[in-house]
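Everything below belongs to query_11.json, which stores JSON, C-alpha atoms and all ligand atoms.
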[["chain", "number", "residue", "atom", "x", "y", "z"],
["A", 1, "MET", "CA", 7.47, -22.06, -21.71],
["A", 2, "PRO", "CA", 6.00, -22.22, -18.19],
["A", 3, "SER", "CA", 3.87, -19.28, -17.12],
["A", 4, "VAL", "CA", 2.65, -17.41, -14.05],
["A", 5, "HIS", "CA", -0.32, -15.12, -13.43],
["A", 6, "CYS", "CA", 0.16, -11.42, -12.89],
["A", 7, "PRO", "CA", -0.56, -10.77, -9.17],
["A", 8, "VAL", "CA", -2.30, -7.51, -10.10],
["A", 9, "CYS", "CA", -4.44, -8.16, -13.20],
["A", 10, "GLY", "CA", -4.28, -11.95, -13.49],
["A", 11, "ALA", "CA", -2.90, -11.97, -17.05],
["A", 12, "THR", "CA", -0.80, -14.98, -18.03],
["A", 13, "ILE", "CA", 2.89, -14.13, -18.26],
["A", 14, "PRO", "CA", 5.35, -16.54, -19.89],
["A", 15, "ARG", "CA", 8.27, -17.00, -17.57],
["A", 16, "ALA", "CA", 11.34, -19.18, -17.77],
["A", 17, "ALA", "CA", 11.76, -21.49, -14.79],
["A", 18, "GLY", "CA", 13.88, -19.84, -12.13],
["A", 19, "ALA", "CA", 13.70, -16.40, -13.75],
["A", 20, "PRO", "CA", 13.92, -13.58, -11.21],
["A", 21, "GLY", "CA", 10.92, -11.27, -11.16],
["A", 22, "LEU", "CA", 8.25, -10.77, -13.82],
["A", 23, "ALA", "CA", 6.86, -8.03, -16.03],
["A", 24, "CYS", "CA", 3.21, -7.95, -17.10],
["A", 25, "SER", "CA", 2.79, -6.57, -20.60],
["A", 26, "PHE", "CA", -0.95, -6.20, -20.01],
["A", 27, "CYS", "CA", -1.08, -3.89, -16.95],
["A", 28, "GLY", "CA", 2.58, -2.87, -16.63],
["A", 29, "PHE", "CA", 3.10, -4.34, -13.16],
["A", 30, "GLN", "CA", 6.62, -5.53, -12.46],
["A", 31, "ARG", "CA", 8.14, -7.66, -9.75],
["A", 32, "ARG", "CA", 11.89, -7.46, -9.40],
["A", 33, "PRO", "CA", 14.33, -8.94, -6.92],
["A", 34, "ALA", "CA", 14.96, -6.62, -3.99],
["A", 35, "ILE", "CA", 18.25, -4.76, -4.07],
["A", 36, "GLU", "CA", 18.56, -5.10, -0.30],
["A", 37, "ALA", "CA", 16.64, -7.15, 2.23],
["A", 38, "ASP", "CA", 14.26, -6.41, 5.09],
["A", 39, "ALA", "CA", 13.15, -2.84, 4.48],
["A", 40, "THR", "CA", 9.76, -1.76, 5.76],
["A", 41, "ALA", "CA", 7.95, 1.51, 6.06],
["A", 42, "SER", "CA", 10.19, 3.95, 7.83],
["A", 43, "PRO", "CA", 9.07, 6.45, 10.45],
["A", 44, "PHE", "CA", 10.28, 9.13, 8.09],
["A", 45, "TRP", "CA", 7.79, 8.14, 5.39],
["A", 46, "LEU", "CA", 5.07, 7.75, 7.95],
["A", 47, "GLN", "CA", 5.59, 11.23, 9.27],
["A", 48, "ARG", "CA", 5.38, 12.67, 5.77],
["A", 49, "SER", "CA", 2.26, 10.70, 4.85],
["A", 50, "LEU", "CA", 0.47, 11.84, 8.01],
["A", 51, "ALA", "CA", 0.02, 15.21, 6.31],
["A", 52, "ASP", "CA", -2.81, 13.41, 4.47],
["A", 53, "LEU", "CA", -4.51, 12.46, 7.73],
["A", 54, "PRO", "CA", -6.90, 15.46, 7.81],
["A", 55, "GLN", "CA", -8.07, 14.38, 4.36],
["A", 56, "LEU", "CA", -9.07, 10.97, 5.71],
["A", 57, "LEU", "CA", -10.80, 12.57, 8.68],
["A", 58, "ARG", "CA", -12.82, 14.77, 6.32],
["A", 59, "ILE", "CA", -14.09, 11.65, 4.55],
["A", 60, "ARG", "CA", -14.77, 9.81, 7.79],
["A", 61, "PRO", "CA", -14.18, 11.29, 11.24],
["A", 62, "VAL", "CA", -12.65, 8.28, 13.01],
["A", 63, "SER", "CA", -11.06, 8.32, 16.45],
["A", 64, "GLU", "CA", -8.52, 5.52, 15.85],
["A", 65, "ILE", "CA", -6.31, 4.69, 12.88],
["A", 66, "PHE", "CA", -4.49, 1.37, 12.69],
["A", 67, "VAL", "CA", -1.06, 1.64, 11.08],
["A", 68, "ALA", "CA", 0.21, -1.25, 8.95],
["A", 69, "GLY", "CA", 3.85, -2.17, 8.51],
["A", 70, "VAL", "CA", 5.15, -0.54, 11.67],
["A", 71, "PRO", "CA", 8.73, -1.81, 12.06],
["A", 72, "PRO", "CA", 9.64, -3.37, 15.43],
["A", 73, "GLN", "CA", 12.03, -0.52, 16.14],
["A", 74, "ASN", "CA", 9.13, 1.92, 15.85],
["A", 75, "PRO", "CA", 6.70, 0.73, 18.53],
["A", 76, "ALA", "CA", 3.41, 2.18, 19.73],
["A", 77, "ARG", "CA", 5.22, 4.85, 21.71],
["A", 78, "ASN", "CA", 6.64, 6.36, 18.54],
["A", 79, "LEU", "CA", 3.25, 6.22, 16.82],
["A", 80, "LYS", "CA", 1.82, 8.16, 19.71],
["A", 81, "ARG", "CA", 4.51, 10.77, 19.28],
["A", 82, "LEU", "CA", 3.95, 10.98, 15.51],
["A", 83, "GLY", "CA", 0.21, 11.30, 15.98],
["A", 84, "ARG", "CA", 0.24, 13.94, 18.68],
["A", 85, "ASP", "CA", -0.55, 16.72, 16.21],
["A", 86, "TYR", "CA", -3.73, 14.99, 15.07],
["A", 87, "PRO", "CA", -7.05, 14.35, 16.82],
["A", 88, "VAL", "CA", -6.78, 10.56, 16.45],
["A", 89, "LYS", "CA", -5.05, 7.66, 18.16],
["A", 90, "LEU", "CA", -2.49, 5.83, 15.99],
["A", 91, "ILE", "CA", -2.25, 2.12, 16.80],
["A", 92, "PRO", "CA", 0.05, -0.52, 15.27],
["A", 93, "LEU", "CA", -2.07, -2.90, 13.14],
["A", 94, "VAL", "CA", -1.80, -6.61, 13.90],
["A", 95, "ASP", "CA", -3.35, -9.47, 11.91],
["A", 96, "SER", "CA", -5.94, -10.25, 14.59],
["A", 97, "ASP", "CA", -7.46, -6.72, 14.53],
["A", 98, "LYS", "CA", -11.08, -6.67, 13.31],
["A", 99, "ASN", "CA", -14.01, -4.27, 12.87],
["A", 100, "ILE", "CA", -11.80, -1.26, 12.40],
["A", 101, "ASP", "CA", -12.69, 1.96, 10.60],
["A", 102, "ALA", "CA", -9.37, 3.06, 9.13],
["A", 103, "ILE", "CA", -6.04, 1.49, 8.17],
["A", 104, "TRP", "CA", -2.93, 3.50, 7.28],
["A", 105, "ALA", "CA", -0.61, 1.58, 4.92],
["A", 106, "ASP", "CA", 2.13, 4.03, 4.05],
["A", 107, "MET", "CA", 4.74, 2.61, 1.64],
["A", 108, "CYS", "CA", 3.71, -1.00, 2.33],
["A", 109, "LEU", "CA", 2.69, -2.29, -1.11],
["A", 110, "PRO", "CA", 6.18, -2.00, -2.67],
["A", 111, "PHE", "CA", 7.41, -4.68, -0.24],
["A", 112, "VAL", "CA", 4.47, -7.10, 0.01],
["A", 113, "ALA", "CA", 5.17, -10.60, -1.32],
["A", 114, "ASP", "CA", 1.49, -11.61, -1.64],
["A", 115, "LEU", "CA", -0.55, -8.61, -2.79],
["A", 116, "SER", "CA", -3.89, -10.44, -2.87],
["A", 117, "ALA", "CA", -3.48, -11.77, 0.65],
["A", 118, "PHE", "CA", -2.43, -8.33, 1.89],
["A", 119, "LEU", "CA", -5.49, -6.58, 0.44],
["A", 120, "ASN", "CA", -7.93, -9.37, 1.33],
["A", 121, "ARG", "CA", -6.78, -9.20, 4.93],
["A", 122, "LYS", "CA", -7.25, -5.42, 5.02],
["A", 123, "PHE", "CA", -10.71, -5.82, 3.46],
["A", 124, "HIS", "CA", -11.80, -8.25, 6.18],
["A", 125, "GLN", "CA", -10.28, -6.20, 8.97],
["A", 126, "LEU", "CA", -12.22, -3.09, 7.95],
["A", 127, "THR", "CA", -15.88, -2.48, 8.64],
["A", 128, "PRO", "CA", -18.04, -1.85, 5.53],
["A", 129, "GLY", "CA", -17.30, 1.75, 4.52],
["A", 130, "GLY", "CA", -13.93, 1.60, 6.32],
["A", 131, "LEU", "CA", -11.01, 3.47, 4.79],
["A", 132, "LEU", "CA", -7.61, 2.25, 3.61],
["A", 133, "TYR", "CA", -4.85, 4.82, 3.09],
["A", 134, "LEU", "CA", -2.09, 3.74, 0.72],
["A", 135, "SER", "CA", 0.99, 5.48, -0.54],
["A", 136, "LEU", "CA", 3.38, 3.96, -3.03],
["A", 137, "PRO", "CA", 5.94, 4.92, -5.65],
["A", 138, "VAL", "CA", 4.57, 4.66, -9.20],
["A", 139, "LYS", "CA", 6.21, 4.61, -12.57],
["A", 140, "ARG", "CA", 5.25, 7.46, -14.88],
["A", 141, "PRO", "CA", 6.49, 8.39, -18.33],
["A", 142, "LEU", "CA", 9.88, 10.12, -18.00],
["A", 143, "ARG", "CA", 9.75, 9.86, -14.21],
["A", 144, "ALA", "CA", 10.90, 6.43, -13.12],
["A", 145, "ALA", "CA", 11.47, 6.48, -9.37],
["A", 146, "ALA", "CA", 14.59, 4.68, -8.18],
["A", 147, "ALA", "CA", 13.94, 1.34, -6.49],
["A", 148, "LEU", "CA", 13.66, 1.55, -2.71],
["A", 149, "PRO", "CA", 15.77, -0.80, -0.58],
["A", 150, "GLY", "CA", 13.79, -4.05, -0.34],
["A", 151, "GLN", "CA", 11.23, -3.03, -2.98],
["A", 152, "ILE", "CA", 9.90, -5.93, -5.09],
["A", 153, "ASN", "CA", 6.64, -4.56, -6.56],
["A", 154, "PHE", "CA", 6.63, -1.80, -9.18],
["A", 155, "PHE", "CA", 3.28, -0.23, -10.00],
["A", 156, "ARG", "CA", 1.75, 2.20, -12.43],
["A", 157, "PRO", "CA", -1.13, 4.46, -11.39],
["A", 158, "LYS", "CA", -3.57, 2.51, -13.54],
["A", 159, "ASN", "CA", -2.77, -0.99, -12.32],
["A", 160, "ILE", "CA", -2.98, -0.04, -8.64],
["A", 161, "MET", "CA", -6.58, 1.16, -9.24],
["A", 162, "PHE", "CA", -7.33, -2.13, -10.92],
["A", 163, "LEU", "CA", -5.78, -4.07, -8.04],
["A", 164, "LEU", "CA", -7.94, -2.23, -5.49],
["A", 165, "GLU", "CA", -11.19, -2.47, -7.42],
["A", 166, "GLN", "CA", -10.71, -6.19, -7.99],
["A", 167, "ARG", "CA", -10.36, -6.66, -4.21],
["A", 168, "GLY", "CA", -13.55, -4.80, -3.27],
["A", 169, "PHE", "CA", -12.25, -1.26, -2.70],
["A", 170, "LYS", "CA", -13.55, 1.97, -4.24],
["A", 171, "MET", "CA", -11.53, 5.12, -4.70],
["A", 172, "ALA", "CA", -12.47, 7.83, -2.18],
["A", 173, "TRP", "CA", -9.55, 10.22, -2.73],
["A", 174, "ARG", "CA", -6.26, 10.35, -4.59],
["A", 175, "LYS", "CA", -3.44, 12.82, -4.76],
["A", 176, "ASN", "CA", -0.48, 13.74, -6.89],
["A", 177, "ARG", "CA", -1.60, 12.81, -10.33],
["A", 178, "PHE", "CA", 1.78, 13.87, -11.66],
["A", 179, "SER", "CA", 4.04, 12.89, -8.78],
["A", 180, "SER", "CA", 6.11, 9.72, -8.51],
["A", 181, "THR", "CA", 4.40, 8.94, -5.19],
["A", 182, "LEU", "CA", 0.74, 8.02, -5.43],
["A", 183, "ARG", "CA", -1.44, 8.59, -2.36],
["A", 184, "ILE", "CA", -4.86, 7.01, -2.21],
["A", 185, "ILE", "CA", -7.72, 6.65, 0.22],
["A", 186, "ALA", "CA", -9.84, 3.65, -0.76],
["A", 187, "ARG", "CA", -13.16, 2.73, 0.78],
["A", 188, "ARG", "CA", -14.19, -0.82, 1.53],
["A", 189, "ASP", "CA", -17.47, -1.62, -0.22],
["B", 201, "ZN", "ZN", -0.82, -7.48, -15.01]]

Show the structure stored in the file as structure tokens.
Amino acid sequence: MPSVHCPVCGATIPRAAGAPGLACSFCGFQRRPAIEADATASPFWLQRSLADLPQLLRIRPVSEIFVAGVPPQNPARNLKRLGRDYPVKLIPLVDSDKNIDAIWADMCLPFVADLSAFLNRKFHQLTPGGLLYLSLPVKRPLRAAAALPGQINFFRPKNIMFLLEQRGFKMAWRKNRFSSTLRIIARRD
């Protein structure tokens, strides 16, 4: 049977040609077909995740935070509005941004087609010691979160740590050990 490599841990997964999705028996990562197309981080999620912003500022007092996955209907103006309660400037992240100190990637990983490319790009956009905020739904025993519209990647708390460490990030903070949403601040080595 043909095989593919797990995009998180690299394990070999047997997979029938043309099969939709994959499930890694080694790290528990799953990729499934999206139930609905073109979903990205919503302003609603972003607003909720910004409650973690003071936590990031305690680790590193930055003046600007670049926000990944900002949908076109939520331009810089809306970021400014969302960020008005915090002592930082929120800026939409674009691929050409470099030498930045903090990236906010709220609910991005569930939708990313190429996880390695996504994290490698963030690594190179950050300065050494720069921070990457991530939030994502995770599968826990007895608490399987329903798939989000457009979601293709399904993580467990353990394999997301592995994914980050393999791409040069170290854990600086994490929250909600028992929640179905994992929130992480990772530091670029
Ligand atoms: Zn795996």

Could you report the residues within 7 Å of ligand ZN 201 (chain B), using only C-alpha atoms and all ligand atoms, as a list of chain:residue names? A:Cys6, A:Pro7, A:Val8, A:Cys9, A:Gly10, A:Ala11, A:Cys24, A:Ser25, A:Phe26, A:Cys27, A:Gly28, A:Phe29

Quick one: which segment 87-122 of chain A residues come within 12 Å of segment 157-180 of chain A, and what is the nearest atom pair for each with the distance in Å to one decimal, counting all atoms listed in the file, rows ordered by chain and ascending number, as a Markdown table?
| residue | atom | partner | partner_atom | distance |
| --- | --- | --- | --- | --- |
| A:Leu109 | CA | A:Ile160 | CA | 9.7 |
| A:Pro110 | CA | A:Ile160 | CA | 11.1 |
| A:Leu115 | CA | A:Leu163 | CA | 8.7 |
| A:Ser116 | CA | A:Arg167 | CA | 7.6 |
| A:Ala117 | CA | A:Arg167 | CA | 9.9 |
| A:Phe118 | CA | A:Arg167 | CA | 10.1 |
| A:Leu119 | CA | A:Arg167 | CA | 6.7 |
| A:Asn120 | CA | A:Arg167 | CA | 6.6 |
| A:Arg121 | CA | A:Arg167 | CA | 10.1 |
| A:Lys122 | CA | A:Arg167 | CA | 9.8 |

Nearest candidate to Ile91 of chain A (options A:Ala76, A:Ile152, A:Leu56, A:Met1; using all atoms listed in the file):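 Selected residue with least distance to Ile91 of chain A: A:Ala76.
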
So what do you get for atom CA of Ile13 of chain A versus atom CA of Gly150 of chain A, distance-wise?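 Distance reported for this atom pair: 23.3 Å.
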
Considering only C-alpha atoms, return as a VMD selection string whatever protein or nucleic-acid residues lie within 8 Å of Gln125 of chain A, sequence-local ones (same chain, fewer than 5 positions apart) excluded. chain A and resid 97 to 100
